[in-house]
$ cat coords39.cif   # mmCIF, N, CA and C atoms
data_query
loop_
_atom_site.label_atom_id
_atom_site.label_comp_id
_atom_site.auth_asym_id
_atom_site.auth_seq_id
_atom_site.Cartn_x
_atom_site.Cartn_y
_atom_site.Cartn_z
N MET A 1 0.81 -1.19 0.00
CA MET A 1 0.00 0.00 0.00
C MET A 1 0.86 1.26 0.00
N SER A 2 2.12 1.19 0.44
CA SER A 2 2.96 2.38 0.48
C SER A 2 3.24 2.90 -0.93
N VAL A 3 3.29 2.01 -1.92
CA VAL A 3 3.47 2.43 -3.30
C VAL A 3 2.25 3.24 -3.74
N ALA A 4 1.06 2.78 -3.37
CA ALA A 4 -0.17 3.51 -3.72
C ALA A 4 -0.16 4.89 -3.06
N ALA A 5 0.27 4.98 -1.82
CA ALA A 5 0.32 6.27 -1.12
C ALA A 5 1.31 7.21 -1.81
N ALA A 6 2.46 6.70 -2.20
CA ALA A 6 3.46 7.53 -2.88
C ALA A 6 2.95 7.98 -4.25
N ASP A 7 2.35 7.06 -4.99
CA ASP A 7 1.80 7.41 -6.30
C ASP A 7 0.69 8.45 -6.18
N LEU A 8 -0.16 8.28 -5.18
CA LEU A 8 -1.26 9.22 -4.97
C LEU A 8 -0.72 10.60 -4.59
N ARG A 9 0.27 10.65 -3.71
CA ARG A 9 0.87 11.91 -3.30
C ARG A 9 1.46 12.64 -4.50
N ILE A 10 2.16 11.92 -5.35
CA ILE A 10 2.77 12.52 -6.54
C ILE A 10 1.70 13.02 -7.50
N ALA A 11 0.69 12.21 -7.74
CA ALA A 11 -0.37 12.59 -8.67
C ALA A 11 -1.14 13.81 -8.17
N ILE A 12 -1.46 13.83 -6.89
CA ILE A 12 -2.19 14.98 -6.34
C ILE A 12 -1.34 16.24 -6.39
N GLY A 13 -0.07 16.11 -6.11
CA GLY A 13 0.83 17.27 -6.20
C GLY A 13 0.88 17.84 -7.61
N LYS A 14 1.00 16.96 -8.59
CA LYS A 14 1.04 17.42 -9.99
C LYS A 14 -0.28 18.06 -10.39
N LEU A 15 -1.38 17.45 -9.99
CA LEU A 15 -2.70 18.01 -10.32
C LEU A 15 -2.89 19.37 -9.67
N ARG A 16 -2.47 19.49 -8.45
CA ARG A 16 -2.57 20.78 -7.74
C ARG A 16 -1.79 21.87 -8.47
N ARG A 17 -0.57 21.55 -8.88
CA ARG A 17 0.24 22.53 -9.62
C ARG A 17 -0.41 22.90 -10.94
N ARG A 18 -0.96 21.92 -11.64
CA ARG A 18 -1.64 22.20 -12.92
C ARG A 18 -2.84 23.11 -12.72
N LEU A 19 -3.62 22.84 -11.68
CA LEU A 19 -4.78 23.68 -11.40
C LEU A 19 -4.36 25.11 -11.06
N ARG A 20 -3.27 25.25 -10.32
CA ARG A 20 -2.76 26.59 -10.01
C ARG A 20 -2.32 27.32 -11.27
N ASP A 21 -1.70 26.58 -12.18
CA ASP A 21 -1.19 27.18 -13.41
C ASP A 21 -2.29 27.60 -14.37
N GLU A 22 -3.47 27.04 -14.22
CA GLU A 22 -4.57 27.32 -15.16
C GLU A 22 -5.14 28.72 -15.03
N VAL A 23 -4.95 29.35 -13.89
CA VAL A 23 -5.52 30.69 -13.68
C VAL A 23 -4.43 31.60 -13.14
N SER A 24 -4.26 32.72 -13.77
CA SER A 24 -3.28 33.70 -13.31
C SER A 24 -3.80 34.39 -12.06
N LEU A 25 -2.95 34.49 -11.07
CA LEU A 25 -3.32 35.17 -9.84
C LEU A 25 -2.82 36.60 -9.82
N GLY A 26 -2.35 37.06 -10.96
CA GLY A 26 -1.85 38.43 -11.02
C GLY A 26 -0.61 38.57 -10.17
N ASP A 27 -0.59 39.59 -9.36
CA ASP A 27 0.58 39.89 -8.54
C ASP A 27 0.51 39.27 -7.14
N LEU A 28 -0.50 38.46 -6.88
CA LEU A 28 -0.63 37.88 -5.55
C LEU A 28 0.37 36.77 -5.33
N THR A 29 0.94 36.73 -4.11
CA THR A 29 1.84 35.65 -3.74
C THR A 29 1.01 34.48 -3.23
N TRP A 30 1.63 33.30 -3.13
CA TRP A 30 0.89 32.14 -2.63
C TRP A 30 0.51 32.32 -1.17
N SER A 31 1.32 33.03 -0.38
CA SER A 31 0.93 33.27 1.01
C SER A 31 -0.28 34.19 1.08
N GLN A 32 -0.38 35.16 0.17
CA GLN A 32 -1.57 36.02 0.12
C GLN A 32 -2.79 35.21 -0.30
N VAL A 33 -2.62 34.32 -1.26
CA VAL A 33 -3.72 33.47 -1.70
C VAL A 33 -4.17 32.57 -0.55
N ALA A 34 -3.23 32.06 0.24
CA ALA A 34 -3.58 31.20 1.38
C ALA A 34 -4.43 31.98 2.39
N VAL A 35 -4.08 33.23 2.65
CA VAL A 35 -4.85 34.07 3.57
C VAL A 35 -6.26 34.30 3.03
N LEU A 36 -6.35 34.59 1.74
CA LEU A 36 -7.68 34.78 1.13
C LEU A 36 -8.51 33.51 1.26
N GLY A 37 -7.87 32.35 1.10
CA GLY A 37 -8.57 31.08 1.25
C GLY A 37 -9.12 30.90 2.66
N HIS A 38 -8.32 31.26 3.66
CA HIS A 38 -8.79 31.16 5.05
C HIS A 38 -9.98 32.07 5.28
N LEU A 39 -9.89 33.30 4.79
CA LEU A 39 -10.99 34.24 4.98
C LEU A 39 -12.25 33.78 4.25
N GLU A 40 -12.08 33.17 3.09
CA GLU A 40 -13.25 32.68 2.35
C GLU A 40 -13.91 31.52 3.09
N ARG A 41 -13.10 30.57 3.55
CA ARG A 41 -13.64 29.38 4.21
C ARG A 41 -14.17 29.66 5.62
N ASP A 42 -13.41 30.45 6.39
CA ASP A 42 -13.69 30.60 7.81
C ASP A 42 -14.35 31.92 8.19
N GLY A 43 -14.43 32.84 7.26
CA GLY A 43 -15.03 34.14 7.55
C GLY A 43 -14.02 35.13 8.11
N PRO A 44 -14.51 36.30 8.52
CA PRO A 44 -13.62 37.37 9.00
C PRO A 44 -12.71 36.91 10.13
N ALA A 45 -11.50 37.48 10.16
CA ALA A 45 -10.53 37.11 11.19
C ALA A 45 -9.60 38.29 11.46
N THR A 46 -8.97 38.25 12.62
CA THR A 46 -7.98 39.26 12.99
C THR A 46 -6.62 38.86 12.40
N VAL A 47 -5.72 39.81 12.38
CA VAL A 47 -4.35 39.53 11.93
C VAL A 47 -3.73 38.45 12.81
N THR A 48 -3.96 38.53 14.10
CA THR A 48 -3.39 37.55 15.04
C THR A 48 -3.91 36.15 14.74
N ALA A 49 -5.21 36.01 14.52
CA ALA A 49 -5.78 34.69 14.22
C ALA A 49 -5.23 34.15 12.91
N LEU A 50 -5.13 34.99 11.91
CA LEU A 50 -4.58 34.56 10.62
C LEU A 50 -3.11 34.15 10.76
N ALA A 51 -2.36 34.90 11.55
CA ALA A 51 -0.95 34.57 11.76
C ALA A 51 -0.81 33.20 12.42
N GLN A 52 -1.68 32.91 13.39
CA GLN A 52 -1.62 31.61 14.06
C GLN A 52 -1.93 30.48 13.08
N VAL A 53 -2.95 30.67 12.26
CA VAL A 53 -3.33 29.63 11.29
C VAL A 53 -2.22 29.38 10.28
N GLU A 54 -1.57 30.44 9.85
CA GLU A 54 -0.51 30.32 8.84
C GLU A 54 0.86 30.04 9.43
N GLY A 55 0.98 30.11 10.75
CA GLY A 55 2.25 29.82 11.40
C GLY A 55 3.31 30.88 11.17
N VAL A 56 2.88 32.15 11.14
CA VAL A 56 3.82 33.26 10.97
C VAL A 56 3.63 34.26 12.10
N ARG A 57 4.53 35.21 12.20
CA ARG A 57 4.42 36.25 13.22
C ARG A 57 3.33 37.24 12.83
N PRO A 58 2.65 37.83 13.80
CA PRO A 58 1.63 38.82 13.49
C PRO A 58 2.15 39.99 12.65
N GLN A 59 3.41 40.38 12.85
CA GLN A 59 3.97 41.46 12.05
C GLN A 59 4.03 41.08 10.57
N SER A 60 4.41 39.84 10.30
CA SER A 60 4.46 39.37 8.92
C SER A 60 3.06 39.31 8.32
N MET A 61 2.09 38.83 9.10
CA MET A 61 0.72 38.77 8.62
C MET A 61 0.17 40.18 8.41
N GLY A 62 0.56 41.10 9.25
CA GLY A 62 0.14 42.50 9.07
C GLY A 62 0.59 43.04 7.72
N ALA A 63 1.81 42.70 7.32
CA ALA A 63 2.31 43.13 6.01
C ALA A 63 1.52 42.47 4.89
N THR A 64 1.18 41.20 5.06
CA THR A 64 0.40 40.48 4.04
C THR A 64 -0.99 41.11 3.91
N ILE A 65 -1.63 41.37 5.04
CA ILE A 65 -2.96 41.99 5.02
C ILE A 65 -2.88 43.38 4.41
N GLY A 66 -1.83 44.13 4.72
CA GLY A 66 -1.66 45.47 4.15
C GLY A 66 -1.58 45.43 2.63
N ALA A 67 -0.86 44.46 2.10
CA ALA A 67 -0.75 44.32 0.65
C ALA A 67 -2.09 43.92 0.04
N LEU A 68 -2.82 43.03 0.72
CA LEU A 68 -4.13 42.61 0.21
C LEU A 68 -5.13 43.77 0.27
N GLU A 69 -5.04 44.58 1.30
CA GLU A 69 -5.93 45.74 1.39
C GLU A 69 -5.62 46.74 0.27
N ALA A 70 -4.34 46.97 0.02
CA ALA A 70 -3.93 47.88 -1.05
C ALA A 70 -4.39 47.38 -2.41
N ALA A 71 -4.47 46.06 -2.57
CA ALA A 71 -4.91 45.47 -3.83
C ALA A 71 -6.44 45.41 -3.93
N GLY A 72 -7.13 45.84 -2.88
CA GLY A 72 -8.59 45.84 -2.90
C GLY A 72 -9.21 44.48 -2.66
N MET A 73 -8.45 43.56 -2.05
CA MET A 73 -8.94 42.20 -1.84
C MET A 73 -9.58 42.00 -0.47
N VAL A 74 -9.16 42.77 0.53
CA VAL A 74 -9.73 42.66 1.86
C VAL A 74 -10.09 44.04 2.39
N SER A 75 -11.01 44.03 3.34
CA SER A 75 -11.34 45.29 4.02
C SER A 75 -11.49 44.98 5.50
N GLY A 76 -11.23 45.99 6.31
CA GLY A 76 -11.27 45.81 7.75
C GLY A 76 -12.45 46.51 8.38
N ALA A 77 -12.94 45.92 9.46
CA ALA A 77 -14.01 46.52 10.25
C ALA A 77 -13.65 46.34 11.72
N SER A 78 -14.13 47.23 12.54
CA SER A 78 -13.85 47.16 13.97
C SER A 78 -14.40 45.86 14.57
N HIS A 79 -13.62 45.23 15.41
CA HIS A 79 -14.04 44.00 16.08
C HIS A 79 -15.23 44.35 16.99
N PRO A 80 -16.29 43.53 16.98
CA PRO A 80 -17.49 43.88 17.75
C PRO A 80 -17.31 43.88 19.27
N THR A 81 -16.36 43.09 19.79
CA THR A 81 -16.18 43.03 21.24
C THR A 81 -14.85 43.62 21.71
N ASP A 82 -13.95 43.88 20.79
CA ASP A 82 -12.63 44.43 21.15
C ASP A 82 -12.26 45.48 20.12
N GLY A 83 -12.59 46.70 20.41
CA GLY A 83 -12.35 47.80 19.48
C GLY A 83 -10.89 48.03 19.12
N ARG A 84 -9.96 47.40 19.84
CA ARG A 84 -8.54 47.54 19.51
C ARG A 84 -8.16 46.70 18.31
N GLN A 85 -9.01 45.73 17.97
CA GLN A 85 -8.69 44.81 16.88
C GLN A 85 -9.54 45.10 15.65
N THR A 86 -9.03 44.64 14.53
CA THR A 86 -9.75 44.78 13.26
C THR A 86 -10.06 43.39 12.73
N LEU A 87 -11.29 43.21 12.28
CA LEU A 87 -11.68 41.97 11.61
C LEU A 87 -11.55 42.19 10.11
N TRP A 88 -10.80 41.31 9.47
CA TRP A 88 -10.57 41.41 8.03
C TRP A 88 -11.47 40.43 7.30
N SER A 89 -12.02 40.88 6.18
CA SER A 89 -12.87 40.02 5.37
C SER A 89 -12.64 40.31 3.90
N LEU A 90 -13.12 39.41 3.05
CA LEU A 90 -12.96 39.58 1.60
C LEU A 90 -13.87 40.68 1.09
N THR A 91 -13.37 41.43 0.13
CA THR A 91 -14.21 42.41 -0.55
C THR A 91 -15.06 41.70 -1.60
N GLN A 92 -16.08 42.36 -2.08
CA GLN A 92 -16.90 41.77 -3.14
C GLN A 92 -16.05 41.55 -4.39
N ARG A 93 -15.13 42.47 -4.66
CA ARG A 93 -14.22 42.31 -5.81
C ARG A 93 -13.44 41.01 -5.70
N CYS A 94 -12.94 40.71 -4.51
CA CYS A 94 -12.19 39.48 -4.29
C CYS A 94 -13.09 38.26 -4.43
N ARG A 95 -14.29 38.32 -3.87
CA ARG A 95 -15.23 37.19 -3.99
C ARG A 95 -15.53 36.90 -5.46
N ASP A 96 -15.71 37.96 -6.24
CA ASP A 96 -15.97 37.78 -7.67
C ASP A 96 -14.77 37.14 -8.37
N LEU A 97 -13.56 37.58 -8.02
CA LEU A 97 -12.35 37.02 -8.60
C LEU A 97 -12.20 35.54 -8.24
N VAL A 98 -12.48 35.20 -7.00
CA VAL A 98 -12.40 33.80 -6.55
C VAL A 98 -13.39 32.95 -7.34
N LYS A 99 -14.60 33.47 -7.53
CA LYS A 99 -15.63 32.73 -8.26
C LYS A 99 -15.20 32.46 -9.70
N VAL A 100 -14.67 33.47 -10.37
CA VAL A 100 -14.21 33.32 -11.76
C VAL A 100 -13.03 32.36 -11.82
N SER A 101 -12.11 32.49 -10.90
CA SER A 101 -10.93 31.63 -10.85
C SER A 101 -11.32 30.17 -10.64
N ARG A 102 -12.22 29.95 -9.71
CA ARG A 102 -12.67 28.58 -9.42
C ARG A 102 -13.37 27.97 -10.63
N ALA A 103 -14.21 28.77 -11.28
CA ALA A 103 -14.94 28.27 -12.46
C ALA A 103 -13.96 27.90 -13.58
N ALA A 104 -12.92 28.71 -13.76
CA ALA A 104 -11.93 28.43 -14.81
C ALA A 104 -11.18 27.13 -14.52
N ARG A 105 -10.81 26.93 -13.26
CA ARG A 105 -10.10 25.69 -12.90
C ARG A 105 -11.00 24.47 -13.07
N GLU A 106 -12.26 24.58 -12.65
CA GLU A 106 -13.18 23.46 -12.79
C GLU A 106 -13.46 23.17 -14.27
N ASP A 107 -13.54 24.21 -15.08
CA ASP A 107 -13.74 24.02 -16.51
C ASP A 107 -12.55 23.27 -17.11
N TRP A 108 -11.33 23.68 -16.76
CA TRP A 108 -10.15 22.99 -17.27
C TRP A 108 -10.16 21.53 -16.83
N LEU A 109 -10.49 21.29 -15.56
CA LEU A 109 -10.48 19.92 -15.05
C LEU A 109 -11.54 19.07 -15.76
N LEU A 110 -12.72 19.60 -15.95
CA LEU A 110 -13.77 18.86 -16.64
C LEU A 110 -13.37 18.52 -18.08
N ARG A 111 -12.83 19.51 -18.80
CA ARG A 111 -12.40 19.27 -20.17
C ARG A 111 -11.29 18.23 -20.23
N THR A 112 -10.38 18.28 -19.29
CA THR A 112 -9.26 17.34 -19.26
C THR A 112 -9.74 15.93 -18.93
N ILE A 113 -10.64 15.81 -17.96
CA ILE A 113 -11.19 14.49 -17.62
C ILE A 113 -11.88 13.88 -18.84
N ARG A 114 -12.70 14.68 -19.50
CA ARG A 114 -13.42 14.16 -20.67
C ARG A 114 -12.48 13.78 -21.81
N ALA A 115 -11.40 14.54 -21.97
CA ALA A 115 -10.47 14.29 -23.08
C ALA A 115 -9.51 13.13 -22.78
N GLN A 116 -9.15 12.94 -21.52
CA GLN A 116 -8.11 11.98 -21.18
C GLN A 116 -8.62 10.63 -20.67
N LEU A 117 -9.85 10.59 -20.19
CA LEU A 117 -10.34 9.36 -19.57
C LEU A 117 -11.51 8.77 -20.35
N THR A 118 -11.55 7.46 -20.39
CA THR A 118 -12.69 6.78 -21.01
C THR A 118 -13.90 6.96 -20.10
N PRO A 119 -15.11 6.71 -20.61
CA PRO A 119 -16.29 6.79 -19.73
C PRO A 119 -16.18 5.89 -18.50
N GLU A 120 -15.61 4.72 -18.65
CA GLU A 120 -15.44 3.81 -17.52
C GLU A 120 -14.47 4.41 -16.49
N GLU A 121 -13.39 5.00 -16.98
CA GLU A 121 -12.43 5.63 -16.06
C GLU A 121 -13.05 6.84 -15.37
N GLN A 122 -13.89 7.56 -16.08
CA GLN A 122 -14.59 8.69 -15.47
C GLN A 122 -15.48 8.22 -14.33
N ASP A 123 -16.13 7.07 -14.50
CA ASP A 123 -16.96 6.50 -13.44
C ASP A 123 -16.12 6.13 -12.22
N VAL A 124 -14.96 5.52 -12.47
CA VAL A 124 -14.06 5.16 -11.38
C VAL A 124 -13.62 6.42 -10.62
N LEU A 125 -13.27 7.45 -11.36
CA LEU A 125 -12.84 8.71 -10.74
C LEU A 125 -13.98 9.31 -9.92
N ALA A 126 -15.19 9.29 -10.45
CA ALA A 126 -16.35 9.82 -9.72
C ALA A 126 -16.57 9.06 -8.42
N LYS A 127 -16.36 7.74 -8.45
CA LYS A 127 -16.53 6.93 -7.24
C LYS A 127 -15.40 7.17 -6.24
N ALA A 128 -14.22 7.53 -6.74
CA ALA A 128 -13.07 7.76 -5.86
C ALA A 128 -13.11 9.15 -5.22
N ALA A 129 -13.82 10.08 -5.81
CA ALA A 129 -13.83 11.46 -5.31
C ALA A 129 -14.23 11.55 -3.83
N PRO A 130 -15.30 10.88 -3.39
CA PRO A 130 -15.64 10.97 -1.96
C PRO A 130 -14.56 10.38 -1.05
N LEU A 131 -13.87 9.36 -1.54
CA LEU A 131 -12.78 8.77 -0.75
C LEU A 131 -11.62 9.76 -0.61
N LEU A 132 -11.29 10.42 -1.71
CA LEU A 132 -10.22 11.42 -1.66
C LEU A 132 -10.60 12.58 -0.74
N LYS A 133 -11.84 12.98 -0.78
CA LYS A 133 -12.32 14.05 0.10
C LYS A 133 -12.17 13.64 1.56
N ARG A 134 -12.54 12.40 1.87
CA ARG A 134 -12.43 11.90 3.25
C ARG A 134 -10.98 11.92 3.72
N ILE A 135 -10.08 11.52 2.83
CA ILE A 135 -8.64 11.54 3.19
C ILE A 135 -8.19 12.97 3.41
N ALA A 136 -8.61 13.89 2.53
CA ALA A 136 -8.18 15.28 2.65
C ALA A 136 -8.70 15.93 3.93
N GLU A 137 -9.84 15.47 4.41
CA GLU A 137 -10.43 16.08 5.62
C GLU A 137 -10.03 15.38 6.91
N ALA A 138 -9.19 14.34 6.79
CA ALA A 138 -8.77 13.58 7.99
C ALA A 138 -7.83 14.40 8.86
#

$ encode --input "coords39.cif" --output "structure tokens"
Amino acid sequence: MSVAAADLRIAIGKLRRRLRDEVSLGDLTWSQVAVLGHLERDGPATVTALAQVEGVRPQSMGATIGALEAAGMVSGASHPTDGRQTLWSLTQRCRDLVKVSRAAREDWLLRTIRAQLTPEEQDVLAKAAPLLKRIAEA
């Protein structure tokens, strides 16, 4: 089974890189994209909370948030219970960009699956998808 695990790790890594390459992120760094992903999945957060999730110092996360704010991707609002803190969230512009980016990646993946796999292989892949999701969420 270790061969299967190694093969799966390699295949998922290659697929992930291909999906990233399918859509230009403009001038955003991967660390900025990771922060946007956290805000999209988990909702508004403080710089401190984002720094903890990403495993960086709050000062470094502050610089990342500053760049994202300058790019119009995030906006800050006063924390409802601690006015000393700011809650950062995605702007509508960013949400729209994420939606377009996701659709482009899914379109590429769908076209590639249809072009590269037989109908039987497509069925196998469809049946494996929930298993891969379970592994990813473990």

$ closest_residue --input "coords39.cif" --among "A:Ile65, A:Ile10, A:Val23, A:Ala4" --to "Val100 (chain A)" --atoms "all atoms listed in the file"
A:Val23

$ resolve_selection --input "coords39.cif" --expression "the PyMOL selection byres (((chain A and resi 85-97 and name CA) around 9) and name CA)" --output "ChimeraX atom specification"
/A:36,39-40,43-47,65,72-84,98-102

$ closest_residue --input "coords39.cif" --among "A:Leu8, A:Ala138, A:Val124, A:Ala51" --to "Ser31 (chain A)" --atoms "only C-alpha atoms"
A:Ala51

$ select_by_dssp --input "coords39.cif" --residues "region 11-106 of chain A" --states "helix (DSSP H, G or I)" --output "ChimeraX atom specification"
/A:11-21,30-42,47-54,58-70,92-106

$ atom_distance --input "coords39.cif" --atom1 "atom C of Leu15 (chain A)" --atom2 "atom N of Glu106 (chain A)"
11.1 Å

$ atom_distance --input "coords39.cif" --atom1 "CA of Ala34 (chain A)" --atom2 "atom C of Glu54 (chain A)"
9.3 Å

$ select_by_dssp --input "coords39.cif" --residues "chain A" --states "strand (DSSP E or B)" --output "short mmCIF file (atom, residue, chain, number, x, y, z; two decimals) with N, CA and C atoms, in the frame of the given file"
data_model
loop_
_atom_site.label_atom_id
_atom_site.label_comp_id
_atom_site.auth_asym_id
_atom_site.auth_seq_id
_atom_site.Cartn_x
_atom_site.Cartn_y
_atom_site.Cartn_z
N ALA A 45 -11.50 37.48 10.16
CA ALA A 45 -10.53 37.11 11.19
C ALA A 45 -9.60 38.29 11.46
N VAL A 74 -9.16 42.77 0.53
CA VAL A 74 -9.73 42.66 1.86
C VAL A 74 -10.09 44.04 2.39
N SER A 75 -11.01 44.03 3.34
CA SER A 75 -11.34 45.29 4.02
C SER A 75 -11.49 44.98 5.50
N GLY A 76 -11.23 45.99 6.31
CA GLY A 76 -11.27 45.81 7.75
C GLY A 76 -12.45 46.51 8.38
N ALA A 77 -12.94 45.92 9.46
CA ALA A 77 -14.01 46.52 10.25
C ALA A 77 -13.65 46.34 11.72
N SER A 78 -14.13 47.23 12.54
CA SER A 78 -13.85 47.16 13.97
C SER A 78 -14.40 45.86 14.57
N THR A 86 -9.03 44.64 14.53
CA THR A 86 -9.75 44.78 13.26
C THR A 86 -10.06 43.39 12.73
N LEU A 87 -11.29 43.21 12.28
CA LEU A 87 -11.68 41.97 11.61
C LEU A 87 -11.55 42.19 10.11
N TRP A 88 -10.80 41.31 9.47
CA TRP A 88 -10.57 41.41 8.03
C TRP A 88 -11.47 40.43 7.30
N SER A 89 -12.02 40.88 6.18
CA SER A 89 -12.87 40.02 5.37
C SER A 89 -12.64 40.31 3.90
N LEU A 90 -13.12 39.41 3.05
CA LEU A 90 -12.96 39.58 1.60
C LEU A 90 -13.87 40.68 1.09
#

$ closest_residue --input "coords39.cif" --among "A:Ala71, A:Leu19, A:His38, A:Ala11" --to "Ala104 (chain A)" --atoms "only N, CA and C atoms"
A:Leu19

$ decode --input "coords39.cif" --residues "region 128-136 of chain A" --atoms "all heavy atoms" --output "mmCIF file, in the first residue's frame"
data_model
loop_
_atom_site.group_PDB
_atom_site.id
_atom_site.type_symbol
_atom_site.label_atom_id
_atom_site.label_comp_id
_atom_site.auth_asym_id
_atom_site.auth_seq_id
_atom_site.Cartn_x
_atom_site.Cartn_y
_atom_site.Cartn_z
ATOM 1 N N ALA A 128 -14.218 7.525 -6.740
ATOM 2 C CA ALA A 128 -13.070 7.762 -5.858
ATOM 3 C C ALA A 128 -13.110 9.147 -5.217
ATOM 4 O O ALA A 128 -12.501 9.354 -4.159
ATOM 5 C CB ALA A 128 -11.765 7.599 -6.645
ATOM 6 N N ALA A 129 -13.816 10.078 -5.814
ATOM 7 C CA ALA A 129 -13.829 11.457 -5.305
ATOM 8 C C ALA A 129 -14.231 11.552 -3.829
ATOM 9 O O ALA A 129 -13.554 12.237 -3.049
ATOM 10 C CB ALA A 129 -14.714 12.340 -6.184
ATOM 11 N N PRO A 130 -15.302 10.881 -3.391
ATOM 12 C CA PRO A 130 -15.641 10.966 -1.963
ATOM 13 C C PRO A 130 -14.557 10.380 -1.054
ATOM 14 O O PRO A 130 -14.347 10.866 0.054
ATOM 15 C CB PRO A 130 -16.944 10.156 -1.845
ATOM 16 C CG PRO A 130 -17.502 10.111 -3.226
ATOM 17 C CD PRO A 130 -16.325 10.160 -4.150
ATOM 18 N N LEU A 131 -13.866 9.360 -1.539
ATOM 19 C CA LEU A 131 -12.780 8.770 -0.751
ATOM 20 C C LEU A 131 -11.622 9.755 -0.611
ATOM 21 O O LEU A 131 -11.050 9.910 0.473
ATOM 22 C CB LEU A 131 -12.291 7.475 -1.399
ATOM 23 C CG LEU A 131 -13.332 6.370 -1.565
ATOM 24 C CD1 LEU A 131 -12.731 5.186 -2.309
ATOM 25 C CD2 LEU A 131 -13.908 5.968 -0.229
ATOM 26 N N LEU A 132 -11.289 10.424 -1.705
ATOM 27 C CA LEU A 132 -10.216 11.424 -1.660
ATOM 28 C C LEU A 132 -10.598 12.576 -0.737
ATOM 29 O O LEU A 132 -9.763 13.089 0.017
ATOM 30 C CB LEU A 132 -9.915 11.935 -3.073
ATOM 31 C CG LEU A 132 -9.308 10.906 -4.012
ATOM 32 C CD1 LEU A 132 -9.267 11.447 -5.450
ATOM 33 C CD2 LEU A 132 -7.935 10.489 -3.546
ATOM 34 N N LYS A 133 -11.842 12.978 -0.777
ATOM 35 C CA LYS A 133 -12.317 14.050 0.096
ATOM 36 C C LYS A 133 -12.173 13.642 1.556
ATOM 37 O O LYS A 133 -11.731 14.420 2.395
ATOM 38 C CB LYS A 133 -13.764 14.390 -0.239
ATOM 39 C CG LYS A 133 -14.298 15.557 0.563
ATOM 40 C CD LYS A 133 -15.715 15.913 0.134
ATOM 41 C CE LYS A 133 -16.224 17.067 0.966
ATOM 42 N NZ LYS A 133 -17.589 17.435 0.645
ATOM 43 N N ARG A 134 -12.541 12.402 1.868
ATOM 44 C CA ARG A 134 -12.425 11.897 3.252
ATOM 45 C C ARG A 134 -10.977 11.924 3.719
ATOM 46 O O ARG A 134 -10.680 12.309 4.861
ATOM 47 C CB ARG A 134 -12.979 10.486 3.330
ATOM 48 C CG ARG A 134 -14.149 10.420 4.259
ATOM 49 C CD ARG A 134 -14.811 9.081 4.402
ATOM 50 N NE ARG A 134 -13.997 7.910 4.485
ATOM 51 C CZ ARG A 134 -14.364 6.732 3.997
ATOM 52 N NH1 ARG A 134 -15.509 6.569 3.385
ATOM 53 N NH2 ARG A 134 -13.573 5.687 4.121
ATOM 54 N N ILE A 135 -10.079 11.518 2.826
ATOM 55 C CA ILE A 135 -8.641 11.539 3.186
ATOM 56 C C ILE A 135 -8.188 12.973 3.414
ATOM 57 O O ILE A 135 -7.474 13.264 4.377
ATOM 58 C CB ILE A 135 -7.800 10.866 2.074
ATOM 59 C CG1 ILE A 135 -8.085 9.370 2.029
ATOM 60 C CG2 ILE A 135 -6.309 11.130 2.293
ATOM 61 C CD1 ILE A 135 -7.530 8.672 0.808
ATOM 62 N N ALA A 136 -8.606 13.885 2.532
ATOM 63 C CA ALA A 136 -8.181 15.282 2.647
ATOM 64 C C ALA A 136 -8.699 15.929 3.926
ATOM 65 O O ALA A 136 -8.046 16.820 4.481
ATOM 66 C CB ALA A 136 -8.686 16.067 1.429
#
